[in-house]
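Engineer: You'll find query.txt just under this line, and it carries compact mmCIF, C-alpha atoms.
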```
# COMPACT_ATOMS: atom_id res chain seq x y z
CA MET N 1 -10.63 21.66 -10.18
CA LEU N 2 -7.50 19.63 -10.90
CA ILE N 3 -8.99 16.58 -9.19
CA ASN N 4 -11.87 16.61 -11.64
CA ASP N 5 -9.86 17.71 -14.68
CA ARG N 6 -6.17 16.78 -14.63
CA SER N 7 -5.67 18.65 -17.91
CA ALA N 8 -7.10 21.98 -16.68
CA SER N 9 -5.05 24.87 -17.98
CA MET N 10 -3.44 27.50 -15.81
CA SER N 11 -6.06 29.93 -17.18
CA ASP N 12 -8.83 27.60 -16.02
CA VAL N 13 -7.22 27.27 -12.58
CA ALA N 14 -6.82 31.05 -12.27
CA LYS N 15 -10.45 31.58 -13.24
CA GLU N 16 -11.66 28.96 -10.73
CA ALA N 17 -9.48 30.50 -8.00
CA ASP N 18 -10.79 33.97 -8.94
CA VAL N 19 -7.30 35.39 -9.43
CA ALA N 20 -5.59 36.91 -12.44
CA ARG N 21 -3.57 34.49 -14.51
CA SER N 22 -0.53 36.71 -13.97
CA THR N 23 -0.98 36.32 -10.20
CA LEU N 24 -1.10 32.55 -10.51
CA HIS N 25 2.03 32.59 -12.70
CA ARG N 26 3.82 34.81 -10.17
CA TYR N 27 3.52 32.04 -7.58
CA PHE N 28 3.66 29.10 -9.99
CA PRO N 29 5.64 30.00 -13.13
CA GLU N 30 4.98 26.59 -14.68
CA ARG N 31 2.04 24.22 -14.39
CA SER N 32 4.41 21.63 -12.94
CA ASP N 33 5.21 24.06 -10.10
CA LEU N 34 1.52 24.22 -9.23
CA ILE N 35 1.19 20.42 -9.33
CA ASP N 36 4.28 20.04 -7.13
CA ALA N 37 2.85 22.53 -4.62
CA VAL N 38 -0.49 20.71 -4.49
CA ASP N 39 1.36 17.40 -4.06
CA ALA N 40 3.35 18.83 -1.15
CA PHE N 41 0.22 20.29 0.45
CA ALA N 42 -1.68 17.00 0.08
CA SER N 43 1.20 15.01 1.57
CA HIS N 44 1.37 17.36 4.54
CA GLN N 45 -2.40 17.17 5.09
CA LEU N 46 -2.35 13.34 4.96
CA ALA N 47 0.38 13.27 7.59
CA GLU N 48 -1.74 15.62 9.72
CA ILE N 49 -4.76 13.31 9.36
CA LEU N 50 -2.72 10.39 10.68
CA ASP N 51 -1.32 12.49 13.53
CA HIS N 52 -4.78 13.62 14.58
CA ALA N 53 -6.13 10.07 14.29
CA ARG N 54 -3.71 8.98 17.05
CA ILE N 55 -3.22 5.61 15.36
CA ASN N 56 -1.16 4.23 18.23
CA GLU N 57 -3.79 4.99 20.89
CA GLY N 58 -6.58 2.61 21.85
CA ASN N 59 -7.68 -0.26 19.70
CA ALA N 60 -6.98 -0.30 15.98
CA ALA N 61 -10.66 -0.31 14.94
CA ASP N 62 -11.23 2.99 16.73
CA ALA N 63 -8.09 4.45 15.14
CA LEU N 64 -9.28 3.31 11.70
CA VAL N 65 -12.59 5.10 12.26
CA ARG N 66 -10.69 8.24 13.31
CA ILE N 67 -8.71 8.06 10.06
CA ALA N 68 -11.95 7.76 8.08
CA HIS N 69 -13.30 10.87 9.84
CA GLY N 70 -10.07 12.71 9.01
CA TYR N 71 -10.39 11.65 5.38
CA PHE N 72 -14.01 12.82 5.39
CA ALA N 73 -13.00 16.24 6.70
CA GLN N 74 -10.24 16.59 4.06
CA TRP N 75 -11.77 14.60 1.20
CA ASP N 76 -10.45 16.83 -1.61
CA VAL N 77 -6.90 16.35 -0.34
CA VAL N 78 -7.37 12.60 0.01
CA MET N 79 -8.83 12.37 -3.50
CA TRP N 80 -5.88 14.33 -4.92
CA ASN N 81 -3.54 11.84 -3.33
CA PHE N 82 -5.60 8.86 -4.47
CA VAL N 83 -5.71 10.17 -8.06
CA GLU N 84 -1.94 10.66 -7.94
CA ILE N 85 -1.54 7.02 -6.87
CA THR N 86 -3.84 5.68 -9.58
CA VAL N 87 -2.10 7.63 -12.38
CA GLY N 88 1.23 6.20 -11.31
CA ALA N 89 2.76 9.24 -9.68
CA SER N 90 2.63 7.86 -6.17
CA SER N 91 4.63 9.91 -3.73
CA ARG N 92 6.82 8.59 -0.95
CA GLN N 93 4.33 10.11 1.51
CA SER N 94 1.46 8.16 -0.10
CA SER N 95 3.38 4.92 0.32
CA GLU N 96 4.11 5.73 3.96
CA VAL N 97 0.45 6.53 4.66
CA ASP N 98 -0.64 3.28 3.01
CA ALA N 99 1.98 1.32 4.95
CA GLN N 100 0.77 2.84 8.24
CA LEU N 101 -2.85 2.11 7.36
CA LEU N 102 -2.07 -1.50 6.48
CA ALA N 103 0.02 -1.92 9.65
CA LEU N 104 -2.92 -0.56 11.66
CA VAL N 105 -5.25 -3.13 10.08
CA GLU N 106 -2.78 -5.92 10.89
CA ARG N 107 -2.55 -4.72 14.48
CA GLY N 108 -6.35 -4.68 14.72
CA GLN N 109 -6.56 -8.19 13.31
CA ALA N 110 -3.95 -9.41 15.79
CA GLU N 111 -5.69 -7.76 18.76
CA GLY N 112 -9.13 -8.91 17.59
CA SER N 113 -10.72 -5.51 16.93
CA ILE N 114 -10.75 -5.98 13.12
CA ASP N 115 -12.01 -9.04 11.25
CA HIS N 116 -8.93 -11.09 10.33
CA SER N 117 -10.58 -12.56 7.21
CA ILE N 118 -10.69 -9.19 5.41
CA PRO N 119 -7.41 -8.29 3.68
CA GLY N 120 -5.92 -4.94 4.65
CA ALA N 121 -5.80 -3.76 1.04
CA PHE N 122 -9.54 -4.39 0.74
CA ILE N 123 -10.20 -2.40 3.92
CA ARG N 124 -8.05 0.45 2.58
CA TYR N 125 -10.03 0.66 -0.67
CA THR N 126 -13.28 0.27 1.23
CA ILE N 127 -12.40 3.26 3.40
CA TYR N 128 -11.82 5.38 0.29
CA THR N 129 -15.13 4.21 -1.17
CA LEU N 130 -17.03 4.71 2.07
CA VAL N 131 -15.68 8.21 2.64
CA ASP N 132 -16.50 9.08 -0.97
CA ALA N 133 -20.06 7.84 -0.41
CA ALA N 134 -20.35 9.87 2.79
CA SER N 135 -19.05 12.97 0.98
CA GLU N 136 -21.62 12.51 -1.78
CA TYR N 137 -24.37 11.92 0.77
CA ALA N 138 -23.34 15.11 2.61
CA ARG N 139 -24.05 17.18 -0.52
CA ASN N 140 -27.79 16.70 0.02
CA HIS N 141 -27.91 15.94 3.75
CA HIS N 142 -26.27 17.13 6.93
CA ARG N 143 -22.54 16.43 7.18
CA SER N 144 -23.02 15.18 10.72
CA GLU N 145 -25.52 12.58 9.51
CA ALA N 146 -23.17 11.50 6.72
CA ALA N 147 -20.30 11.19 9.22
CA MET N 148 -22.43 9.13 11.60
CA LEU N 149 -23.54 6.78 8.80
CA MET N 150 -19.95 6.39 7.65
CA ASP N 151 -18.89 5.57 11.22
CA VAL N 152 -21.62 2.96 11.72
CA THR N 153 -20.99 1.34 8.35
CA LEU N 154 -17.23 1.11 8.81
CA ARG N 155 -17.55 -0.32 12.31
CA LYS N 156 -19.95 -3.00 11.04
CA LEU N 157 -17.70 -3.79 8.10
CA ILE N 158 -14.54 -4.37 10.13
CA ALA N 159 -16.15 -5.94 13.22
CA PRO N 160 -14.81 -9.43 13.98
```
Since I need it in another form, could you write the structure as structure tokens?
Structural biologist:
Amino acid sequence: MLINDRSASMSDVAKEADVARSTLHRYFPERSDLIDAVDAFASHQLAEILDHARINEGNAADALVRIAHGYFAQWDVVMWNFVEITVGASSRQSSEVDAQLLALVERGQAEGSIDHSIPGAFIRYTIYTLVDAASEYARNHHRSEAAMLMDVTLRKLIAP
């Protein structure tokens, strides 16, 4: 809910979560406490995505595809983080994730598994866009088909 409506009230959040507002306030006395908790959760999940992607194993292109699949599986968390970056509240964790992603692209360009003419920042934004497209596609189609199409498209995009 907060991804789609940053100004959602605590009452709106409680209603969406199907809990009493008093219950929500017991755990998060202030709205800022809730936002901080979601930030911490999102940062932890992003770190988990990178861990599971095994970015130091195999060639960089394969690792980049594994990251995209992790993003696809946790798209709400990734979008929360991306929205935080775009509104200027970028966390230290977000910067570290971006730095690791860009370093992975550079490694792939050096080893020849990623097209060296495509800037890393462009690839990073393209991954966000591609995973968003796959998530939208999955709403009306099978998730496995959306994941496969995302995989094929990303591999073609970054191929040298």
Engineer: When you draw a straight line from atom CA of Ala20 of chain N to atom CA of Val38 of chain N, how long is it in Å?
Structural biologist: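 Atom CA of Val38 of chain N lies 18.8 Å from atom CA of Ala20 of chain N.
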Engineer: Could you tell me which of N:Gln74, N:Ser32, N:Ser9, N:Thr129 comes closest to Glu48 of chain N if we count all atoms listed in the file?
Structural biologist: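 For Glu48 of chain N, the nearest of the given residues is N:Gln74.
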Engineer: With all atoms listed in the file as the counted atoms, please give the residues lying no more than 7 Å from segment 141-155 of chain N, apart from itself and same-chain residues fewer than 6 positions off, as an NGL selection string.
Structural biologist: :N and (65 or 130-131 or 134)
Engineer: Atom CA of Ala110 of chain N to atom CA of Ala60 of chain N: how many Å, to one decimal?
Structural biologist: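 Atom CA of Ala60 of chain N lies at a distance of 9.6 Å from atom CA of Ala110 of chain N.
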Engineer: Quick one: of N:Leu64, N:Leu46, N:Ala40, N:Met1, who's nearest to Glu16 of chain N, counting only C-alpha atoms?
Structural biologist: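 The closest residue to Glu16 of chain N is N:Met1.
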Engineer: Distance atom CA of Val105 of chain N-atom CA of Ile123 of chain N, one decimal place?
Structural biologist: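 For atom CA of Val105 of chain N relative to atom CA of Ile123 of chain N, the distance reads 7.9 Å.
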Engineer: Can you report as lines of an AutoDock Vina configuration file the centre and edge lengths in Å, to one decimal, of an axis-aligned box around the listed atoms of segment 61-64 of chain N padded with 8 Å on each side?
Structural biologist:
```
center_x = -9.7
center_y = 2.1
center_z = 14.2
size_x = 19.1
size_y = 20.8
size_z = 21.0
```
Engineer: Return the single residue from N:Ala103, N:Leu34, N:Trp80, N:Ile158 that is closest to Asp5 of chain N, with distances computed using only C-alpha atoms.
Structural biologist: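 Smallest separation from Asp5 of chain N among the options: N:Trp80.
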Engineer: Taking into account all atoms listed in the file, which residue in the set N:Gly112, N:Val78, N:Ile67, N:Ala73 is nearest to Ala53 of chain N?
Structural biologist: N:Ile67
Engineer: Give the answer as one residue: which of N:Gln100, N:Ser11, N:Ser117, N:Ser43 has the shortest atom-to-atom distance to Ile55 of chain N, using all atoms listed in the file?
Structural biologist: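 Going through N:Gln100, N:Ser11, N:Ser117, N:Ser43 one by one, the smallest distance to Ile55 of chain N is for N:Gln100.
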Engineer: Using all atoms listed in the file, find the one residue out of N:Ser22, N:Val97, N:Glu57, N:Arg31 that sits nearest to Ala8 of chain N.
Structural biologist: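 For Ala8 of chain N, the nearest of the candidates is N:Arg31.
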Engineer: Which residues are near Thr23 of chain N? Cut-off 12 Å, only C-alpha atoms, ignore same chain within fewer than 4 positions. Put them as number ranges by chain.
Structural biologist: N: 10-11, 13-15, 17-19, 27-29
Engineer: So that I can see what lies close to Pro119 of chain N, please list as a PyMOL selection string the residues with an atom at most 10 Å from it, counting only C-alpha atoms and leaving out residues fewer than 6 positions away in the same chain.
Structural biologist: chain N and resi 102+105-106+109
Engineer: Go ahead and save the picked residues with C-alpha atoms, as a PDB file, in the coordinates of the input.
Structural biologist:
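Writing done, so here's result-v9.pdb:
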```pdb
ATOM      1  CA  LEU N 102      -2.070  -1.500   6.480  1.00  0.00           C
ATOM      2  CA  VAL N 105      -5.250  -3.130  10.080  1.00  0.00           C
ATOM      3  CA  GLU N 106      -2.780  -5.920  10.890  1.00  0.00           C
ATOM      4  CA  GLN N 109      -6.560  -8.190  13.310  1.00  0.00           C
TER       5      GLN N 109
END
```
